[in-house]
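Only one structure is covered here, and it is reproduced in the block below.
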Protein chains: 2
Amino acid sequence: MTTPLSAATLDQVFRTARTPNDWVDETINDDTVHAIYDLLKWGPTSANSCPARFVWVRSAEGKARLAALAMDANRPKILAAPLTVIIGNDLAFADKMPQLFPARAEMMQQWFAMPGVTEATASRNGTLQGAYLIIAARTLGFDCGPMSGFDNAGVDKEFFAGTKIQSNFICSIGHGKPESVWPRNPRLSFDEAGRFA
Amino acid sequence: MTTPLSAATLDQVFRTARTPNDWVDETINDDTVHAIYDLLKWGPTSANSCPARFVWVRSAEGKARLAALAMDANRPKILAAPLTVIIGNDLAFADKMPQLFPARAEMMQQWFAMPGVTEATASRNGTLQGAYLIIAARTLGFDCGPMSGFDNAGVDKEFFAGTKIQSNFICSIGHGKPESVWPRNPRLSFDEAGRFA
């Protein structure tokens, strides 16, 4: 049985973590990117389907290609961040079920092939994995800047041509400049966001 | 600047956390449920839209109503778990922008009202918040059992009648019986799940 983590940990993962709008100039090396993936990959997905695919945009040329497809307000963030990840949902994810869930691969492939199930499963679970990416980066001491303001169809054509991968959202990772963080907006109260049953 | 969290923390949040299929009999009190919400609520969403809504199903009557709408394999899990949360996406989320993002409420409401944007924003960000729920519960020492095998339309009618909230997935929370955890399935390698650009 596990126990509650320290207050400092809860702060770093949730309570004091913020989204920066400008980034410290640095390089994020291969080992660090692999470490982020090697944490997020363990997060739970439906039948271990793991439908998210990741393009880790780190080169100057890659940043320029991605920034050109982003909303004006997001372009300088992408160019300044040491790394921006494109999180995509692979609609062909079920092809990997023999590897990912060998005991029930055929059964799950039949299930995922039902009308609407492929898309819903890819979208829901790919997005869960996108959230695991954010949390994994934070646990390793990084800040995250998730963004949905970009041309999804353009990104799909530029980065996922010839595949069934559809871009979901993008997320810059690095160390934010503290002065680039906006004042924090309020959240819904417990009662505004839900109820017991 | 934050630093990497301890190996034990990374284990608890990602590496050794597992999905149980049966649950220790216990009660999860109001304070604990509020503590989970008070962590997850800080996770980032697009323009602080916070579209997820939560029904915290804890009563015997609530569990029976939810279990009746679940796939056969999920019924006993819902009945055994001390708490199962229904995570829904509120398609009326933009109504709360004056509270959630007062400086840009009107601009964001116009944006979210564009064709397809309401649904995509509610789905993507509501699912991110569902992942934050899982991680928040784990950081507080709980196990999670997320499930998508249930009658979404039936749950919407039973728990979200008269609203624009659509059920997304459900997640049991408590302390799992260790013997109910299945052997862990493999994950995709870094190169199978992505690439640098």
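Labeling convention for the structure tokens: chains A, B, ... as they appear, residues from 1 per chain, ligands from 1 in order of appearance.
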Would you list which chain B residues are within 7 Å of chain A using only C-alpha atoms, as a short mmCIF file (atom, residue, chain, number, x, y, z; two decimals) with N, CA and C atoms, in the first residue's frame?
data_model
loop_
_atom_site.label_atom_id
_atom_site.label_comp_id
_atom_site.auth_asym_id
_atom_site.auth_seq_id
_atom_site.Cartn_x
_atom_site.Cartn_y
_atom_site.Cartn_z
N THR B 2 12.30 23.66 -10.27
CA THR B 2 12.07 22.42 -9.54
C THR B 2 13.10 21.38 -9.97
N THR B 3 13.17 20.30 -9.21
CA THR B 3 14.14 19.25 -9.48
C THR B 3 13.42 17.91 -9.62
N PRO B 4 14.09 16.90 -10.16
CA PRO B 4 13.42 15.60 -10.30
C PRO B 4 12.98 15.05 -8.94
N LEU B 5 11.81 14.47 -8.90
CA LEU B 5 11.30 13.87 -7.68
C LEU B 5 12.00 12.53 -7.43
N PHE B 14 3.93 6.41 -11.47
CA PHE B 14 3.97 5.79 -12.80
C PHE B 14 4.46 4.35 -12.82
N ARG B 15 5.67 4.09 -12.27
CA ARG B 15 6.37 2.88 -12.65
C ARG B 15 5.86 1.62 -11.99
N HIS B 34 -12.56 15.54 -1.43
CA HIS B 34 -12.25 16.95 -1.67
C HIS B 34 -10.74 17.14 -1.92
N TYR B 37 -9.98 16.24 -5.48
CA TYR B 37 -10.42 17.31 -6.39
C TYR B 37 -9.52 18.54 -6.28
N LEU B 39 -6.50 18.76 -5.76
CA LEU B 39 -5.25 18.62 -6.52
C LEU B 39 -5.53 18.65 -8.02
N LEU B 40 -6.45 17.80 -8.46
CA LEU B 40 -6.64 17.67 -9.92
C LEU B 40 -7.08 18.96 -10.57
N LYS B 41 -7.79 19.80 -9.80
CA LYS B 41 -8.34 21.03 -10.39
C LYS B 41 -7.26 21.96 -10.91
N TRP B 42 -6.01 21.82 -10.40
CA TRP B 42 -4.93 22.72 -10.81
C TRP B 42 -4.30 22.31 -12.12
N GLY B 43 -4.57 21.12 -12.62
CA GLY B 43 -3.98 20.70 -13.89
C GLY B 43 -4.39 21.61 -15.03
N ARG B 53 -16.72 17.36 -15.46
CA ARG B 53 -17.62 17.33 -14.29
C ARG B 53 -17.53 15.93 -13.69
N PHE B 54 -17.70 15.85 -12.39
CA PHE B 54 -17.43 14.61 -11.66
C PHE B 54 -18.62 14.20 -10.81
N VAL B 55 -19.06 12.96 -10.98
CA VAL B 55 -20.02 12.40 -10.03
C VAL B 55 -19.25 11.35 -9.22
N TRP B 56 -19.16 11.60 -7.94
CA TRP B 56 -18.39 10.74 -7.03
C TRP B 56 -19.36 9.70 -6.45
N VAL B 57 -19.39 8.53 -7.05
CA VAL B 57 -20.38 7.50 -6.70
C VAL B 57 -19.84 6.67 -5.54
N ARG B 58 -20.51 6.84 -4.40
CA ARG B 58 -19.99 6.26 -3.17
C ARG B 58 -21.07 5.52 -2.38
N SER B 59 -22.33 5.85 -2.59
CA SER B 59 -23.42 5.19 -1.86
C SER B 59 -23.73 3.83 -2.49
N GLY B 62 -26.04 4.43 -5.36
CA GLY B 62 -25.34 4.99 -6.52
C GLY B 62 -24.53 3.93 -7.25
N LEU B 100 -13.89 31.71 -14.93
CA LEU B 100 -12.63 30.95 -15.05
C LEU B 100 -11.51 31.73 -15.73
N PHE B 101 -11.88 32.68 -16.59
CA PHE B 101 -10.85 33.45 -17.30
C PHE B 101 -11.42 34.85 -17.54
N ARG B 124 -11.22 16.94 -25.28
CA ARG B 124 -9.77 16.91 -25.03
C ARG B 124 -9.46 17.32 -23.59
N THR B 127 -10.85 15.05 -20.81
CA THR B 127 -10.05 13.83 -20.67
C THR B 127 -8.72 14.11 -19.97
N LEU B 128 -8.09 15.25 -20.28
CA LEU B 128 -6.89 15.63 -19.53
C LEU B 128 -7.22 15.67 -18.03
N ALA B 131 -7.32 12.32 -16.51
CA ALA B 131 -5.97 11.81 -16.21
C ALA B 131 -5.42 12.47 -14.95
N THR B 139 -1.10 10.13 -6.12
CA THR B 139 -0.20 10.90 -5.26
C THR B 139 -0.67 10.89 -3.81
N LEU B 140 -1.99 10.68 -3.62
CA LEU B 140 -2.52 10.62 -2.25
C LEU B 140 -2.54 9.20 -1.71
N GLY B 141 -1.96 8.25 -2.45
CA GLY B 141 -1.79 6.90 -1.93
C GLY B 141 -2.87 5.92 -2.34
N PHE B 142 -3.68 6.29 -3.30
CA PHE B 142 -4.75 5.39 -3.74
C PHE B 142 -4.39 4.71 -5.05
N ASN B 185 1.35 -5.87 -18.97
CA ASN B 185 1.61 -5.97 -20.39
C ASN B 185 2.72 -5.02 -20.80
N PRO B 186 3.38 -5.34 -21.91
CA PRO B 186 4.50 -4.49 -22.36
C PRO B 186 4.02 -3.15 -22.91
N ARG B 187 4.92 -2.21 -23.03
CA ARG B 187 4.64 -0.92 -23.63
C ARG B 187 5.44 -0.79 -24.93
N PHE B 190 10.40 3.55 -27.20
CA PHE B 190 10.46 4.97 -27.58
C PHE B 190 10.32 5.12 -29.10
N ALA B 193 6.87 4.46 -30.55
CA ALA B 193 5.84 5.45 -30.21
C ALA B 193 6.16 6.85 -30.71
N GLY B 194 7.31 7.03 -31.35
CA GLY B 194 7.59 8.39 -31.79
C GLY B 194 8.97 8.56 -32.39
N ARG B 195 9.33 9.82 -32.58
CA ARG B 195 10.60 10.15 -33.20
C ARG B 195 10.94 11.60 -32.90
N PHE B 196 12.20 11.94 -33.10
CA PHE B 196 12.62 13.35 -33.02
C PHE B 196 12.36 14.07 -34.33
N ALA B 197 12.22 15.37 -34.26
CA ALA B 197 12.09 16.18 -35.48
C ALA B 197 12.76 17.52 -35.22
#
When DSSP is applied to the backbone of this structure, which of chain A are assigned strand (DSSP E)? Write them out as a PyMOL selection string. chain A and resi 52-57+83-90+143-147+165-174+194-196
Written selection (N, CA, C and O atoms) as a short mmCIF file (atom, residue, chain, number, x, y, z; two decimals), in the first residue's frame:
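Now in selection23.cif:
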data_model
loop_
_atom_site.label_atom_id
_atom_site.label_comp_id
_atom_site.auth_asym_id
_atom_site.auth_seq_id
_atom_site.Cartn_x
_atom_site.Cartn_y
_atom_site.Cartn_z
N ALA A 52 -1.30 6.91 -28.30
CA ALA A 52 -0.61 8.17 -28.55
C ALA A 52 0.72 7.94 -29.28
O ALA A 52 1.42 6.96 -29.01
N ARG A 53 1.02 8.86 -30.17
CA ARG A 53 2.33 8.87 -30.84
C ARG A 53 2.92 10.26 -30.63
O ARG A 53 2.19 11.26 -30.57
N PHE A 54 4.23 10.33 -30.55
CA PHE A 54 4.90 11.56 -30.13
C PHE A 54 5.97 11.97 -31.13
O PHE A 54 6.84 11.16 -31.49
N VAL A 55 5.90 13.22 -31.57
CA VAL A 55 7.02 13.79 -32.33
C VAL A 55 7.67 14.81 -31.41
O VAL A 55 7.04 15.78 -30.99
N TRP A 56 8.92 14.56 -31.07
CA TRP A 56 9.67 15.40 -30.14
C TRP A 56 10.43 16.42 -30.98
O TRP A 56 11.50 16.15 -31.50
N VAL A 57 9.85 17.61 -31.10
CA VAL A 57 10.38 18.64 -32.00
C VAL A 57 11.45 19.44 -31.25
O VAL A 57 11.13 20.20 -30.31
N LEU A 83 12.01 22.28 -26.48
CA LEU A 83 11.37 21.06 -26.99
C LEU A 83 9.87 21.31 -27.03
O LEU A 83 9.31 21.86 -26.08
N THR A 84 9.23 20.96 -28.13
CA THR A 84 7.77 20.96 -28.19
C THR A 84 7.34 19.62 -28.76
O THR A 84 7.80 19.21 -29.82
N VAL A 85 6.48 18.94 -28.02
CA VAL A 85 6.05 17.60 -28.41
C VAL A 85 4.72 17.69 -29.14
O VAL A 85 3.79 18.35 -28.66
N ILE A 86 4.62 17.05 -30.29
CA ILE A 86 3.32 16.88 -30.95
C ILE A 86 2.76 15.55 -30.47
O ILE A 86 3.38 14.50 -30.68
N ILE A 87 1.60 15.61 -29.81
CA ILE A 87 0.94 14.39 -29.35
C ILE A 87 -0.14 14.05 -30.38
O ILE A 87 -1.05 14.85 -30.63
N GLY A 88 -0.02 12.89 -30.99
CA GLY A 88 -1.00 12.46 -31.99
C GLY A 88 -1.69 11.18 -31.55
O GLY A 88 -1.18 10.43 -30.71
N ASN A 89 -2.89 10.95 -32.10
CA ASN A 89 -3.64 9.72 -31.83
C ASN A 89 -3.55 8.84 -33.07
O ASN A 89 -3.97 9.26 -34.15
N ASP A 90 -3.05 7.62 -32.91
CA ASP A 90 -2.91 6.73 -34.05
C ASP A 90 -4.18 5.90 -34.23
O ASP A 90 -4.48 5.03 -33.42
N ASP A 143 8.92 22.39 -16.65
CA ASP A 143 7.64 23.07 -16.85
C ASP A 143 7.05 22.63 -18.18
O ASP A 143 7.78 22.22 -19.09
N CYS A 144 5.73 22.78 -18.27
CA CYS A 144 5.03 22.40 -19.51
C CYS A 144 4.15 23.54 -19.99
O CYS A 144 3.56 24.27 -19.19
N GLY A 145 4.06 23.67 -21.31
CA GLY A 145 3.17 24.64 -21.93
C GLY A 145 2.32 23.96 -22.99
O GLY A 145 2.67 23.97 -24.17
N PRO A 146 1.21 23.33 -22.57
CA PRO A 146 0.34 22.67 -23.57
C PRO A 146 -0.43 23.70 -24.38
O PRO A 146 -0.83 24.74 -23.86
N MET A 147 -0.64 23.41 -25.67
CA MET A 147 -1.32 24.33 -26.58
C MET A 147 -2.19 23.55 -27.56
O MET A 147 -1.76 22.50 -28.05
N ILE A 165 -2.18 8.72 -38.14
CA ILE A 165 -2.01 9.50 -36.91
C ILE A 165 -2.61 10.88 -37.10
O ILE A 165 -2.36 11.55 -38.10
N GLN A 166 -3.43 11.31 -36.14
CA GLN A 166 -4.03 12.64 -36.16
C GLN A 166 -3.51 13.44 -34.98
O GLN A 166 -3.54 12.98 -33.84
N SER A 167 -3.05 14.67 -35.26
CA SER A 167 -2.52 15.50 -34.18
C SER A 167 -3.63 15.82 -33.18
O SER A 167 -4.77 16.05 -33.55
N ASN A 168 -3.26 15.84 -31.90
CA ASN A 168 -4.21 16.09 -30.82
C ASN A 168 -3.91 17.46 -30.21
O ASN A 168 -4.61 18.43 -30.44
N PHE A 169 -2.83 17.56 -29.45
CA PHE A 169 -2.37 18.87 -28.99
C PHE A 169 -0.84 18.87 -28.99
O PHE A 169 -0.23 17.84 -29.30
N ILE A 170 -0.25 20.02 -28.70
CA ILE A 170 1.20 20.12 -28.63
C ILE A 170 1.58 20.63 -27.25
O ILE A 170 0.76 21.24 -26.56
N CYS A 171 2.80 20.35 -26.83
CA CYS A 171 3.20 20.73 -25.47
C CYS A 171 4.69 21.07 -25.44
O CYS A 171 5.53 20.21 -25.69
N SER A 172 5.00 22.32 -25.15
CA SER A 172 6.39 22.71 -24.95
C SER A 172 6.87 22.23 -23.58
O SER A 172 6.09 22.20 -22.62
N ILE A 173 8.13 21.87 -23.53
CA ILE A 173 8.74 21.37 -22.29
C ILE A 173 10.10 22.04 -22.12
O ILE A 173 10.87 22.14 -23.07
N GLY A 174 10.37 22.48 -20.92
CA GLY A 174 11.65 23.11 -20.62
C GLY A 174 11.58 23.75 -19.25
O GLY A 174 10.91 23.24 -18.35
N GLY A 194 -19.04 19.14 -9.47
CA GLY A 194 -19.55 17.79 -9.28
C GLY A 194 -20.40 17.61 -8.05
O GLY A 194 -20.78 18.59 -7.39
N ARG A 195 -20.69 16.35 -7.75
CA ARG A 195 -21.54 16.01 -6.61
C ARG A 195 -21.32 14.54 -6.25
O ARG A 195 -20.79 13.76 -7.04
N PHE A 196 -21.75 14.20 -5.06
CA PHE A 196 -21.74 12.79 -4.65
C PHE A 196 -22.98 12.08 -5.17
O PHE A 196 -24.01 12.72 -5.45
#
Using only C-alpha atoms: which of B:Arg75, B:Ala80, B:Phe112, B:Leu69 has the shortest distance to B:Asp22: B:Ala80
If I take atom CA of A:Ala73 and atom CA of A:Ile36, how far is one from the other in Å, to one decimal?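 Value for the atom CA of A:Ala73-atom CA of A:Ile36 distance: 26.5 Å.
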